[in-house]
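Printed here is upload10.tsv (TSV, C-alpha atoms and all ligand atoms):
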chain	number	residue	atom	x	y	z
A	561	MET	CA	-49.30	57.01	56.11
A	562	THR	CA	-52.67	55.54	55.16
A	563	LEU	CA	-53.45	52.14	56.56
A	564	ALA	CA	-55.29	49.39	54.71
A	565	ARG	CA	-59.07	49.33	54.86
A	566	THR	CA	-60.37	46.62	57.20
A	567	LEU	CA	-62.55	44.00	55.52
A	568	SER	CA	-64.86	42.95	58.35
A	569	GLY	CA	-66.04	39.36	58.26
A	570	HIS	CA	-68.48	40.09	61.08
A	571	GLU	CA	-70.25	42.71	59.02
A	572	VAL	CA	-70.50	40.58	55.90
A	573	ALA	CA	-71.57	37.51	57.90
A	574	GLU	CA	-74.47	39.56	59.27
A	575	THR	CA	-75.68	40.26	55.73
A	576	VAL	CA	-75.49	36.52	55.00
A	577	TYR	CA	-77.55	35.75	58.12
A	578	ARG	CA	-80.12	38.37	57.13
A	579	GLU	CA	-80.59	36.68	53.75
A	580	LEU	CA	-80.66	33.21	55.27
A	581	ARG	CA	-83.35	34.27	57.77
A	582	GLU	CA	-85.46	35.44	54.85
A	583	THR	CA	-84.98	32.14	53.01
A	584	LEU	CA	-85.72	30.15	56.16
A	585	SER	CA	-88.93	32.05	56.82
A	586	SER	CA	-90.18	31.00	53.37
A	587	LEU	CA	-89.47	27.29	53.88
A	588	PRO	CA	-92.12	24.84	55.09
A	589	PHE	CA	-89.48	22.95	57.13
A	590	VAL	CA	-86.49	23.67	59.37
A	591	PRO	CA	-83.07	22.54	58.03
A	592	SER	CA	-81.03	20.48	60.45
A	593	LEU	CA	-77.30	20.19	61.06
A	594	ARG	CA	-75.46	17.40	62.86
A	595	VAL	CA	-71.88	18.03	63.97
A	596	ILE	CA	-69.70	15.15	65.12
A	597	ARG	CA	-66.68	15.69	67.31
A	598	LEU	CA	-64.23	13.05	68.56
A	599	GLY	CA	-62.14	13.77	71.63
A	600	GLU	CA	-61.48	17.05	73.40
A	601	ASP	CA	-59.02	18.98	71.24
A	602	PRO	CA	-59.53	22.51	72.63
A	603	ALA	CA	-59.65	24.23	69.22
A	604	SER	CA	-62.20	21.70	67.95
A	605	VAL	CA	-64.30	22.07	71.11
A	606	SER	CA	-64.37	25.83	70.59
A	607	TYR	CA	-65.11	25.71	66.83
A	608	VAL	CA	-67.90	23.17	67.25
A	609	ARG	CA	-69.50	25.21	70.03
A	610	LEU	CA	-69.45	28.27	67.78
A	611	LYS	CA	-71.04	26.43	64.85
A	612	ASP	CA	-73.78	24.98	67.06
A	613	LYS	CA	-74.49	28.35	68.70
A	614	ARG	CA	-74.78	30.14	65.35
A	615	ALA	CA	-77.01	27.45	63.88
A	616	ARG	CA	-79.38	27.66	66.84
A	617	GLU	CA	-79.43	31.47	66.76
A	618	LEU	CA	-80.40	31.29	63.12
A	619	GLY	CA	-83.24	28.91	63.93
A	620	LEU	CA	-81.75	25.76	62.44
A	621	LEU	CA	-82.06	22.43	64.20
A	622	SER	CA	-78.56	21.76	65.45
A	623	GLN	CA	-77.18	18.86	67.41
A	624	VAL	CA	-73.61	18.05	68.40
A	625	GLU	CA	-72.58	14.43	68.89
A	626	VAL	CA	-69.43	13.95	70.97
A	627	PHE	CA	-67.58	10.63	70.96
A	628	PRO	CA	-64.48	9.54	72.89
A	629	ALA	CA	-61.12	10.03	71.13
A	630	ASP	CA	-60.63	6.23	71.03
A	631	THR	CA	-63.87	5.54	69.17
A	632	PRO	CA	-63.17	2.83	66.55
A	633	GLU	CA	-63.28	3.92	62.93
A	634	GLU	CA	-66.03	1.41	62.15
A	635	ALA	CA	-68.23	2.85	64.90
A	636	LEU	CA	-67.84	6.34	63.49
A	637	LEU	CA	-68.59	5.11	59.97
A	638	GLY	CA	-71.67	3.31	61.30
A	639	ARG	CA	-72.92	6.49	62.93
A	640	ILE	CA	-72.36	8.48	59.71
A	641	GLU	CA	-74.30	5.88	57.71
A	642	ALA	CA	-77.22	6.15	60.16
A	643	LEU	CA	-77.21	9.96	59.72
A	644	ASN	CA	-77.02	9.54	55.93
A	645	GLN	CA	-80.21	7.46	56.10
A	646	ASP	CA	-81.98	9.75	58.60
A	647	PRO	CA	-84.54	11.87	56.71
A	648	GLU	CA	-84.50	14.42	59.55
A	649	VAL	CA	-80.83	15.28	58.97
A	650	ASP	CA	-79.84	17.71	56.20
A	651	GLY	CA	-76.18	18.44	56.93
A	652	ILE	CA	-73.41	16.32	58.45
A	653	LEU	CA	-70.05	17.73	59.55
A	654	VAL	CA	-67.24	15.75	61.17
A	655	GLN	CA	-64.88	18.16	62.87
A	656	LEU	CA	-61.23	17.77	61.84
A	657	PRO	CA	-58.55	16.86	62.73
A	658	LEU	CA	-59.53	13.33	63.68
A	659	PRO	CA	-57.51	11.11	66.05
A	660	ALA	CA	-54.56	9.39	64.34
A	661	HIS	CA	-56.12	5.89	64.28
A	662	ILE	CA	-58.96	7.10	62.07
A	663	ARG	CA	-58.49	7.41	58.31
A	664	THR	CA	-59.88	10.86	57.55
A	665	GLU	CA	-60.32	10.02	53.87
A	666	ARG	CA	-62.60	7.06	54.66
A	667	VAL	CA	-64.71	9.23	56.95
A	668	LEU	CA	-65.09	12.06	54.43
A	669	GLU	CA	-66.02	9.59	51.71
A	670	ALA	CA	-68.64	8.00	53.96
A	671	ILE	CA	-70.70	11.19	54.28
A	672	SER	CA	-73.48	11.42	51.71
A	673	PRO	CA	-72.45	14.05	49.11
A	674	LEU	CA	-75.93	15.56	49.46
A	675	LYS	CA	-75.39	16.13	53.20
A	676	ASP	CA	-71.69	17.06	52.93
A	677	VAL	CA	-71.87	20.64	54.26
A	678	ASP	CA	-68.04	20.76	54.47
A	679	GLY	CA	-67.75	20.05	50.74
A	680	PHE	CA	-64.92	17.58	51.35
A	681	HIS	CA	-66.48	14.51	49.63
A	682	PRO	CA	-64.61	13.59	46.40
A	683	LEU	CA	-67.82	14.03	44.40
A	684	ASN	CA	-68.19	17.63	45.59
A	685	VAL	CA	-64.47	18.24	45.05
A	686	GLY	CA	-64.93	17.03	41.46
A	687	LYS	CA	-67.97	19.25	40.95
A	688	LEU	CA	-66.07	22.27	42.23
A	689	TRP	CA	-63.33	21.71	39.66
A	690	SER	CA	-65.58	20.70	36.75
A	691	GLY	CA	-67.90	23.68	37.14
A	692	GLY	CA	-70.95	21.82	38.41
A	693	GLU	CA	-73.34	22.66	41.25
A	694	GLY	CA	-72.54	21.10	44.59
A	695	LEU	CA	-71.56	21.75	48.18
A	696	PHE	CA	-68.20	23.51	48.45
A	697	PRO	CA	-65.84	24.14	51.41
A	698	CYS	CA	-66.91	26.88	53.81
A	699	THR	CA	-63.68	28.84	54.29
A	700	PRO	CA	-62.96	29.27	50.54
A	701	LEU	CA	-66.64	30.17	49.98
A	702	GLY	CA	-66.31	32.72	52.76
A	703	VAL	CA	-63.19	34.29	51.23
A	704	VAL	CA	-64.85	34.70	47.82
A	705	HIS	CA	-68.09	36.00	49.34
A	706	LEU	CA	-66.20	38.53	51.46
A	707	LEU	CA	-64.25	39.85	48.46
A	708	LYS	CA	-67.37	40.10	46.31
A	709	HIS	CA	-69.25	41.88	49.08
A	710	TYR	CA	-66.58	44.58	49.16
A	711	GLY	CA	-66.81	44.95	45.39
A	712	VAL	CA	-63.52	43.28	44.52
A	713	GLU	CA	-63.72	42.27	40.87
A	714	LEU	CA	-62.02	38.88	40.50
A	715	ARG	CA	-62.31	38.45	36.74
A	716	GLY	CA	-58.84	38.61	35.19
A	717	LYS	CA	-57.19	39.54	38.51
A	718	GLU	CA	-53.80	38.19	39.54
A	719	VAL	CA	-54.70	36.21	42.64
A	720	VAL	CA	-52.04	34.36	44.60
A	721	VAL	CA	-53.10	31.73	47.12
A	722	LEU	CA	-50.40	30.93	49.66
A	723	GLY	CA	-51.12	27.44	51.03
A	724	ARG	CA	-52.31	24.23	49.37
A	725	SER	CA	-54.41	22.47	52.00
A	726	ASN	CA	-57.46	20.41	51.05
A	727	ILE	CA	-59.56	22.58	53.37
A	728	VAL	CA	-58.56	26.03	52.10
A	729	GLY	CA	-55.83	26.50	49.46
A	730	LYS	CA	-56.84	23.91	46.88
A	731	PRO	CA	-60.62	24.46	46.91
A	732	LEU	CA	-60.10	28.24	47.00
A	733	ALA	CA	-58.00	28.00	43.82
A	734	GLY	CA	-60.90	26.14	42.19
A	735	LEU	CA	-63.50	28.70	43.28
A	736	LEU	CA	-61.31	31.60	42.11
A	737	LEU	CA	-60.92	29.97	38.71
A	738	ARG	CA	-64.70	29.76	38.51
A	739	GLU	CA	-64.66	33.53	39.05
A	740	ASP	CA	-62.27	33.93	36.08
A	741	ALA	CA	-59.33	35.00	38.23
A	742	THR	CA	-55.76	34.23	37.17
A	743	VAL	CA	-54.77	31.93	40.01
A	744	THR	CA	-51.31	31.00	41.27
A	745	VAL	CA	-50.96	28.60	44.20
A	746	VAL	CA	-47.71	28.84	46.14
A	747	HIS	CA	-46.46	26.90	49.15
A	748	SER	CA	-43.51	26.08	51.38
A	749	ARG	CA	-41.52	24.55	48.50
A	750	THR	CA	-42.05	27.48	46.13
A	751	ARG	CA	-38.82	29.21	45.16
A	752	ASN	CA	-38.58	32.98	45.69
A	753	LEU	CA	-41.87	33.04	47.57
A	754	PRO	CA	-41.92	36.81	48.33
A	755	GLU	CA	-41.24	37.52	44.67
A	756	VAL	CA	-44.32	35.56	43.60
A	757	THR	CA	-46.64	36.87	46.34
A	758	ARG	CA	-45.62	40.41	45.31
A	759	ARG	CA	-47.24	39.86	41.94
A	760	ALA	CA	-50.65	39.45	43.55
A	761	GLU	CA	-53.40	42.01	43.20
A	762	VAL	CA	-55.28	39.82	45.66
A	763	LEU	CA	-53.23	37.74	48.09
A	764	VAL	CA	-54.86	35.04	50.21
A	765	VAL	CA	-52.73	33.49	52.93
A	766	ALA	CA	-53.64	30.15	54.52
A	767	VAL	CA	-50.55	28.43	55.86
A	768	GLY	CA	-50.87	28.46	59.64
A	769	ARG	CA	-47.58	30.27	60.30
A	770	PRO	CA	-47.99	33.30	62.58
A	771	HIS	CA	-47.03	36.62	60.93
A	772	LEU	CA	-45.18	34.87	58.08
A	773	VAL	CA	-46.09	37.42	55.43
A	774	ARG	CA	-44.15	40.69	55.77
A	775	LYS	CA	-44.74	43.96	53.95
A	776	GLU	CA	-41.99	43.25	51.39
A	777	TRP	CA	-44.04	40.24	50.25
A	778	VAL	CA	-47.00	42.41	49.31
A	779	ARG	CA	-47.57	44.52	46.20
A	780	PRO	CA	-48.45	48.10	47.17
A	781	GLY	CA	-52.22	48.52	46.98
A	782	ALA	CA	-52.95	44.78	47.07
A	783	ILE	CA	-55.97	43.30	48.81
A	784	VAL	CA	-54.83	40.81	51.44
A	785	VAL	CA	-56.97	38.08	52.99
A	786	ASP	CA	-55.56	36.42	56.10
A	787	VAL	CA	-57.02	32.96	56.74
A	788	GLY	CA	-54.52	32.12	59.49
A	789	VAL	CA	-55.65	31.40	63.02
A	790	ASN	CA	-52.61	30.79	65.20
A	791	ARG	CA	-52.87	30.63	68.95
A	792	VAL	CA	-49.64	32.07	70.36
A	793	GLU	CA	-49.33	32.65	74.11
A	794	GLY	CA	-53.09	32.90	74.45
A	795	LYS	CA	-53.47	35.36	71.57
A	796	LEU	CA	-54.90	34.75	68.11
A	797	LEU	CA	-52.46	35.75	65.38
A	798	GLY	CA	-52.95	35.68	61.63
A	799	ASP	CA	-50.47	34.51	59.00
A	800	VAL	CA	-49.98	38.12	57.93
A	801	HIS	CA	-47.77	40.54	59.88
A	802	PRO	CA	-49.63	43.70	60.99
A	803	GLU	CA	-47.06	45.87	59.15
A	804	VAL	CA	-48.72	44.69	55.89
A	805	ALA	CA	-51.47	47.24	56.62
A	806	GLU	CA	-48.89	49.90	55.63
A	807	VAL	CA	-48.73	48.66	52.02
A	808	ALA	CA	-52.00	46.83	51.33
A	809	SER	CA	-55.14	48.73	50.30
A	810	ALA	CA	-57.39	46.34	52.22
A	811	LEU	CA	-56.80	43.62	54.80
A	812	THR	CA	-58.93	41.16	56.78
A	813	PRO	CA	-58.43	41.24	60.55
A	814	VAL	CA	-57.69	38.21	62.74
A	815	PRO	CA	-59.94	37.53	64.54
A	816	GLY	CA	-63.06	38.93	62.86
A	817	GLY	CA	-62.14	38.41	59.22
A	818	VAL	CA	-62.43	35.05	57.53
A	819	GLY	CA	-63.49	33.16	60.69
A	820	PRO	CA	-67.04	34.57	60.90
A	821	MET	CA	-67.41	34.04	57.15
A	822	THR	CA	-66.57	30.34	57.48
A	823	VAL	CA	-69.34	29.85	60.01
A	824	ALA	CA	-71.80	31.87	57.91
A	825	MET	CA	-71.02	29.73	54.85
A	826	LEU	CA	-71.61	26.57	56.89
A	827	MET	CA	-75.08	27.85	57.69
A	828	ALA	CA	-75.63	28.69	54.00
A	829	ASN	CA	-74.42	25.21	53.01
A	830	THR	CA	-76.83	23.61	55.50
A	831	VAL	CA	-79.76	25.45	53.94
A	832	LYS	CA	-78.46	24.59	50.46
A	833	ALA	CA	-78.11	20.90	51.41
A	834	ALA	CA	-81.67	20.87	52.73
A	835	LEU	CA	-82.92	22.26	49.40
A	836	LEU	CA	-80.63	19.97	47.37
A	837	ARG	CA	-82.00	16.85	49.01
A	838	ARG	CA	-85.63	17.90	48.60
A	839	HIS	CA	-85.54	19.46	45.16
A	840	GLY	CA	-82.36	18.12	43.56
A	841	ALA	CA	-81.31	21.58	42.42
A	842	PRO	CA	-79.93	24.11	44.87
A	843	ARG	CA	-80.93	27.73	44.69
Q	1	LIG	N1	-61.12	21.91	61.08
Q	1	LIG	C1	-60.60	23.08	60.68
Q	1	LIG	N2	-61.34	23.60	59.68
Q	1	LIG	C2	-62.34	22.75	59.45
Q	1	LIG	C3	-63.45	22.76	58.53
Q	1	LIG	O1	-63.64	23.66	57.71
Q	1	LIG	N3	-64.28	21.70	58.63
Q	1	LIG	C4	-64.09	20.68	59.51
Q	1	LIG	N4	-64.95	19.66	59.49
Q	1	LIG	N5	-63.07	20.64	60.35
Q	1	LIG	C5	-62.22	21.68	60.32

Structure re-expressed in structure tokens:
Amino acid sequence: MTLARTLSGHEVAETVYRELRETLSSLPFVPSLRVIRLGEDPASVSYVRLKDKRARELGLLSQVEVFPADTPEEALLGRIEALNQDPEVDGILVQLPLPAHIRTERVLEAISPLKDVDGFHPLNVGKLWSGGEGLFPCTPLGVVHLLKHYGVELRGKEVVVLGRSNIVGKPLAGLLLREDATVTVVHSRTRNLPEVTRRAEVLVVAVGRPHLVRKEWVRPGAIVVDVGVNRVEGKLLGDVHPEVAEVASALTPVPGGVGPMTVAMLMANTVKAALLRRHGAPR
């Protein structure tokens, strides 16, 4: 039995960093990233540390601001407004999820669209769907970049996205449409889910349910991208069961697949935001 080819996010992320280093060396300034974290959610602590470490390694100016979990919403909004006005700051990211007393929507709308390296501001969401230039969400960007790197032609392909979150599923559907893919978004209320996922030539899974997708759900020869990061008894498990490697032609590992791509795209977005703000048009 032949097993699916592994699509390594680490490898592709390295090529992104190589290109970014080249761009950075040609700039007369150093782009800067500010990451805000509230509280001590262990996953958020770990993600933010990773983002900060990568940014510094790349030579960006990176600073993390940590606030107590009970920080009032108005105080957070005030801090964001100060960063919006600060000419030294190019990118602003507020790590999610936020504590329950804070309205996430208000926070995301408060970030200047020009500094919105997460691509969650409604203006950037609109630009993604209307075909304009803007800042778009890092994980979906990472998925598309990874597929393109490995030579996967998306034009006309049957792509099924399993999951409809604002962070991954929905923006990914928009990006795939921009690539001329035929996109179907399915979710927990979809009838005959395995029947629909089996139609996919490219299947992207982002639901946060460990090993949900079994080999019967996958069309033989399909390319499968696993966005899931589920911590189960101290181990990281994807949304895709390992047995899928028996039927898929290519599969992203967890960890080491989409995760490194998300971080790489955040770095790319920070550089893009820096150029956007200075020149109006991103490269
Ligand atoms: N939490 C999980 N994923 C993300 C992301 O892409 N951006 C932010 N800000 N928080 C997250």

Which one is closest to Val576 (chain A): A:Leu701, A:Leu714, A:Val590, A:Val787? Count all atoms listed in the file.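 Result for the nearest residue to Val576 (chain A): A:Leu701.
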
Using all atoms listed in the file, can you tell me which of A:Val712, A:Val626, A:Val654, A:Val745 comes closest to ligand LIG 1 (chain Q)?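 Counting all atoms listed in the file, the residue closest to ligand LIG 1 (chain Q) is A:Val654.
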
Any residue with an atom at most 7 Å from ligand LIG 1 (chain Q) counts, using only C-alpha atoms and all ligand atoms. Which are they? Put them as a PyMOL selection string. chain A and resi 604+653-657+678+697-699+727

Around the point (-58.9, 21.7, 71.1), in the coordinates given by the file, pick out the residues reaching within 12 Å, counting all atoms listed in the file, and return them as a VMD selection string. chain A and resid 597 to 609 629 655 to 659 791

Restricted to C-alpha atoms, what would the selected residues look like written as an mmCIF file, keeping the file's coordinate frame?
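The file below, selection-v1.cif, is the result:
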data_model
loop_
_atom_site.group_PDB
_atom_site.id
_atom_site.type_symbol
_atom_site.label_atom_id
_atom_site.label_comp_id
_atom_site.auth_asym_id
_atom_site.auth_seq_id
_atom_site.Cartn_x
_atom_site.Cartn_y
_atom_site.Cartn_z
ATOM 1 C CA ARG A 597 -66.680 15.690 67.310
ATOM 2 C CA LEU A 598 -64.230 13.050 68.560
ATOM 3 C CA GLY A 599 -62.140 13.770 71.630
ATOM 4 C CA GLU A 600 -61.480 17.050 73.400
ATOM 5 C CA ASP A 601 -59.020 18.980 71.240
ATOM 6 C CA PRO A 602 -59.530 22.510 72.630
ATOM 7 C CA ALA A 603 -59.650 24.230 69.220
ATOM 8 C CA SER A 604 -62.200 21.700 67.950
ATOM 9 C CA VAL A 605 -64.300 22.070 71.110
ATOM 10 C CA SER A 606 -64.370 25.830 70.590
ATOM 11 C CA TYR A 607 -65.110 25.710 66.830
ATOM 12 C CA VAL A 608 -67.900 23.170 67.250
ATOM 13 C CA ARG A 609 -69.500 25.210 70.030
ATOM 14 C CA ALA A 629 -61.120 10.030 71.130
ATOM 15 C CA GLN A 655 -64.880 18.160 62.870
ATOM 16 C CA LEU A 656 -61.230 17.770 61.840
ATOM 17 C CA PRO A 657 -58.550 16.860 62.730
ATOM 18 C CA LEU A 658 -59.530 13.330 63.680
ATOM 19 C CA PRO A 659 -57.510 11.110 66.050
ATOM 20 C CA ARG A 791 -52.870 30.630 68.950
#

Nearest-residue call for Ser672 (chain A), choices A:Gln645, A:Ser568, A:Ser592, A:Asn752, using only C-alpha atoms: A:Gln645

Using all atoms listed in the file, list the residues that have an atom at most 8 Å from (-54.1, 32.8, 48.1), coordinates as in the file, as a PDB file with C-alpha atoms, in the coordinates of the input.
ATOM      1  CA  VAL A 719     -54.700  36.210  42.640  1.00  0.00           C
ATOM      2  CA  VAL A 720     -52.040  34.360  44.600  1.00  0.00           C
ATOM      3  CA  VAL A 721     -53.100  31.730  47.120  1.00  0.00           C
ATOM      4  CA  LEU A 722     -50.400  30.930  49.660  1.00  0.00           C
ATOM      5  CA  GLY A 723     -51.120  27.440  51.030  1.00  0.00           C
ATOM      6  CA  GLY A 729     -55.830  26.500  49.460  1.00  0.00           C
ATOM      7  CA  LEU A 732     -60.100  28.240  47.000  1.00  0.00           C
ATOM      8  CA  ALA A 733     -58.000  28.000  43.820  1.00  0.00           C
ATOM      9  CA  THR A 744     -51.310  31.000  41.270  1.00  0.00           C
ATOM     10  CA  VAL A 745     -50.960  28.600  44.200  1.00  0.00           C
ATOM     11  CA  VAL A 746     -47.710  28.840  46.140  1.00  0.00           C
ATOM     12  CA  VAL A 762     -55.280  39.820  45.660  1.00  0.00           C
ATOM     13  CA  LEU A 763     -53.230  37.740  48.090  1.00  0.00           C
ATOM     14  CA  VAL A 764     -54.860  35.040  50.210  1.00  0.00           C
ATOM     15  CA  VAL A 765     -52.730  33.490  52.930  1.00  0.00           C
ATOM     16  CA  ALA A 766     -53.640  30.150  54.520  1.00  0.00           C
ATOM     17  CA  VAL A 785     -56.970  38.080  52.990  1.00  0.00           C
TER      18      VAL A 785
END

My list of candidates is A:Leu826, A:Val804, A:Leu796, A:Leu835. Which is closest to Ile652 (chain A) when distances are computed with all atoms listed in the file?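 The answer is A:Leu826, which sits nearest to Ile652 (chain A).
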
Determine, counting only C-alpha atoms, which protein, DNA and RNA residues have an atom within 12 Å of an atom of Pro731 (chain A); residues of the same chain fewer than 4 positions away are not included. Present the result as a tab-separated table (two decimals) with C-alpha atoms, in the frame of the given file.
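Produced file part_3.tsv, reproduced below:
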chain	number	residue	atom	x	y	z
A	678	ASP	CA	-68.04	20.76	54.47
A	679	GLY	CA	-67.75	20.05	50.74
A	680	PHE	CA	-64.92	17.58	51.35
A	681	HIS	CA	-66.48	14.51	49.63
A	682	PRO	CA	-64.61	13.59	46.40
A	684	ASN	CA	-68.19	17.63	45.59
A	685	VAL	CA	-64.47	18.24	45.05
A	686	GLY	CA	-64.93	17.03	41.46
A	687	LYS	CA	-67.97	19.25	40.95
A	688	LEU	CA	-66.07	22.27	42.23
A	689	TRP	CA	-63.33	21.71	39.66
A	690	SER	CA	-65.58	20.70	36.75
A	695	LEU	CA	-71.56	21.75	48.18
A	696	PHE	CA	-68.20	23.51	48.45
A	697	PRO	CA	-65.84	24.14	51.41
A	698	CYS	CA	-66.91	26.88	53.81
A	699	THR	CA	-63.68	28.84	54.29
A	700	PRO	CA	-62.96	29.27	50.54
A	701	LEU	CA	-66.64	30.17	49.98
A	702	GLY	CA	-66.31	32.72	52.76
A	703	VAL	CA	-63.19	34.29	51.23
A	704	VAL	CA	-64.85	34.70	47.82
A	721	VAL	CA	-53.10	31.73	47.12
A	723	GLY	CA	-51.12	27.44	51.03
A	724	ARG	CA	-52.31	24.23	49.37
A	725	SER	CA	-54.41	22.47	52.00
A	726	ASN	CA	-57.46	20.41	51.05
A	727	ILE	CA	-59.56	22.58	53.37
A	735	LEU	CA	-63.50	28.70	43.28
A	736	LEU	CA	-61.31	31.60	42.11
A	737	LEU	CA	-60.92	29.97	38.71
A	738	ARG	CA	-64.70	29.76	38.51
A	743	VAL	CA	-54.77	31.93	40.01
A	745	VAL	CA	-50.96	28.60	44.20
A	766	ALA	CA	-53.64	30.15	54.52

Between CA of Ala670 (chain A) and CA of Glu648 (chain A) lies a distance of 18.0 Å

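In this model, the gap between CA of Arg837 (chain A) and CA of Lys675 (chain A) comes to 7.9 Å.
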
Centre, x/y/z edge lengths, axis-aligned box for region 727-734 of chain A with 5 Å per side, as AutoDock Vina command-line options:
--center_x -58.4 --center_y 25.4 --center_z 47.8 --size_x 15.1 --size_y 15.7 --size_z 21.2

Judged by all atoms listed in the file, the minimum distance to Glu776 (chain A) among A:Glu803, A:Gly788, A:Leu797, A:Leu643 is found for A:Glu803

Which residue, A:Pro591, A:Glu669, A:His570, A:Gly638, has the smallest gap to Leu621 (chain A) when you use all atoms listed in the file?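 That would be A:Pro591, the residue with the smallest distance to Leu621 (chain A).
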
To one decimal place in Å, what is the distance between CA of Arg774 (chain A) and CA of Met825 (chain A)?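 One can read the CA of Arg774 (chain A) to CA of Met825 (chain A) distance as 29.0 Å.
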
Report as a list in words all protein, DNA and RNA residues lying within 8 Å of Leu593 (chain A), evaluated on all atoms listed in the file, omitting residues in the same chain fewer than 5 positions from it. Ala615, Leu620, Leu621, Ser622, Gln623, Val649, Asp650, Gly651, Ile652, Leu653 and Thr830 of chain A

With a distance cut-off of 8 Å and only C-alpha atoms, select the neighbouring residues of Thr566 (chain A), excluding the residue or stretch itself and same-chain residues fewer than 2 positions from it, and output the selection as a list in words. Ala564, Ser568, Ala810, Leu811, Thr812 and Pro813 of chain A
